[in-house]
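Undergrad: One structure, as structure tokens, below. Some questions next.
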Amino acid sequence: MHNNRGCKCCKSSWKAQVKSCLILLLLVALSSCAIALYFSHETGGTAEGIRYFEEVVVSPGDTLWTLAGPYRPAGMDIRNYVDMVAEINGVEHGIIQPGQLLVLPR
């Protein structure tokens with residue numbers, strides 16, 4: 001019969017789980033900092049205007065510029081926003097297609 005109290009194998013398993021959780025927490029924190037620095041740089045220091053991201057399906061007639069109007073954070077230069085959206089979504093030459101899914105910072 002296996003007694004979990006005082007068992008070396010259970011203690012080492014518990015320690016491994018704690019270590020894994022701490023490493024995951026550190027990776028999440030570092031990723032968050034990297035994202036914040038990226039947007040701070042790309043938006044000319046206005047990262048505080050970006051609160052969350054929204055997924056949008058491109059409709060016929062949409063362009064990055066028409067989408068920028070209603071979705072960009074208040075006060076952000078529209079040119080910086082369009083450039084940021086293009087880079088986040090891997091859009092080349094500003095070409096988007098109806099049905100395409102875009103991630104837009106808000």
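Letters for chains follow the order of the structure tokens (A, B, ...), residue numbers begin at 1 for each chain, and ligand numbers begin at 1 in the order shown.
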Identify, on the basis of only C-alpha atoms, every residue whose closest approach to Ile78 (chain A) does not exceed 12 Å; exclude the query and any residue fewer than 2 positions from it along the same chain; express the result as a short mmCIF file (atom, residue, chain, number, x, y, z; two decimals) with N, CA and C atoms, in the first residue's frame.
TA:
data_model
loop_
_atom_site.label_atom_id
_atom_site.label_comp_id
_atom_site.auth_asym_id
_atom_site.auth_seq_id
_atom_site.Cartn_x
_atom_site.Cartn_y
_atom_site.Cartn_z
N THR A 43 3.29 52.21 -31.78
CA THR A 43 2.24 53.23 -31.81
C THR A 43 2.76 54.59 -31.40
N GLY A 44 4.06 54.74 -31.37
CA GLY A 44 4.62 56.03 -31.01
C GLY A 44 4.42 56.36 -29.54
N LEU A 64 -8.06 48.31 -44.83
CA LEU A 64 -7.46 48.57 -43.51
C LEU A 64 -7.81 49.97 -43.03
N TRP A 65 -7.92 50.90 -43.95
CA TRP A 65 -8.22 52.28 -43.59
C TRP A 65 -9.66 52.44 -43.12
N THR A 66 -10.61 51.76 -43.78
CA THR A 66 -12.01 51.88 -43.34
C THR A 66 -12.22 51.18 -42.00
N LEU A 67 -11.49 50.10 -41.76
CA LEU A 67 -11.60 49.41 -40.47
C LEU A 67 -10.93 50.21 -39.36
N ALA A 68 -9.90 50.97 -39.71
CA ALA A 68 -9.16 51.73 -38.69
C ALA A 68 -10.04 52.76 -38.00
N GLY A 69 -10.93 53.39 -38.75
CA GLY A 69 -11.76 54.44 -38.17
C GLY A 69 -12.50 54.02 -36.91
N PRO A 70 -13.37 53.01 -36.99
CA PRO A 70 -14.16 52.65 -35.81
C PRO A 70 -13.41 51.81 -34.77
N TYR A 71 -12.28 51.22 -35.13
CA TYR A 71 -11.61 50.30 -34.20
C TYR A 71 -10.38 50.88 -33.51
N ARG A 72 -9.75 51.88 -34.07
CA ARG A 72 -8.50 52.36 -33.46
C ARG A 72 -8.79 53.08 -32.14
N PRO A 73 -7.85 52.97 -31.20
CA PRO A 73 -8.01 53.67 -29.92
C PRO A 73 -8.03 55.18 -30.13
N ALA A 74 -8.79 55.85 -29.31
CA ALA A 74 -8.91 57.31 -29.40
C ALA A 74 -7.54 57.95 -29.27
N GLY A 75 -7.26 58.91 -30.13
CA GLY A 75 -6.01 59.65 -30.06
C GLY A 75 -4.86 59.02 -30.80
N MET A 76 -4.99 57.79 -31.27
CA MET A 76 -3.90 57.13 -31.98
C MET A 76 -3.91 57.58 -33.44
N ASN A 80 -0.33 55.00 -37.96
CA ASN A 80 0.33 54.04 -37.07
C ASN A 80 -0.57 52.83 -36.84
N TYR A 81 -1.88 53.08 -36.69
CA TYR A 81 -2.81 51.99 -36.44
C TYR A 81 -2.89 51.05 -37.64
N VAL A 82 -3.01 51.61 -38.84
CA VAL A 82 -3.08 50.78 -40.05
C VAL A 82 -1.81 49.95 -40.19
N ASP A 83 -0.65 50.56 -39.96
CA ASP A 83 0.62 49.82 -40.03
C ASP A 83 0.66 48.69 -39.00
N MET A 84 0.18 48.97 -37.78
CA MET A 84 0.18 47.97 -36.72
C MET A 84 -0.73 46.80 -37.08
N VAL A 85 -1.93 47.08 -37.57
CA VAL A 85 -2.88 46.02 -37.95
C VAL A 85 -2.28 45.16 -39.06
#
Undergrad: What's the 7 Å shell around region 88-104 of chain A, counting only C-alpha atoms, without same-chain residues fewer than 4 positions away, as a list in words?
TA: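 Near region 88-104 of chain A, the qualifying residues are Phe53, Glu54, Glu55, Val56, Val57, Val58, Ser59, Pro60, Thr63, Leu64 and Met84 of chain A.
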Undergrad: In Å to one decimal, how far is CA of Arg106 (chain A) from CA of Arg51 (chain A)?
TA: 5.7 Å
Undergrad: Where in region 51-85 of chain A does DSSP assign strand (DSSP E), given as number ranges by chain?
TA: A: 53-57
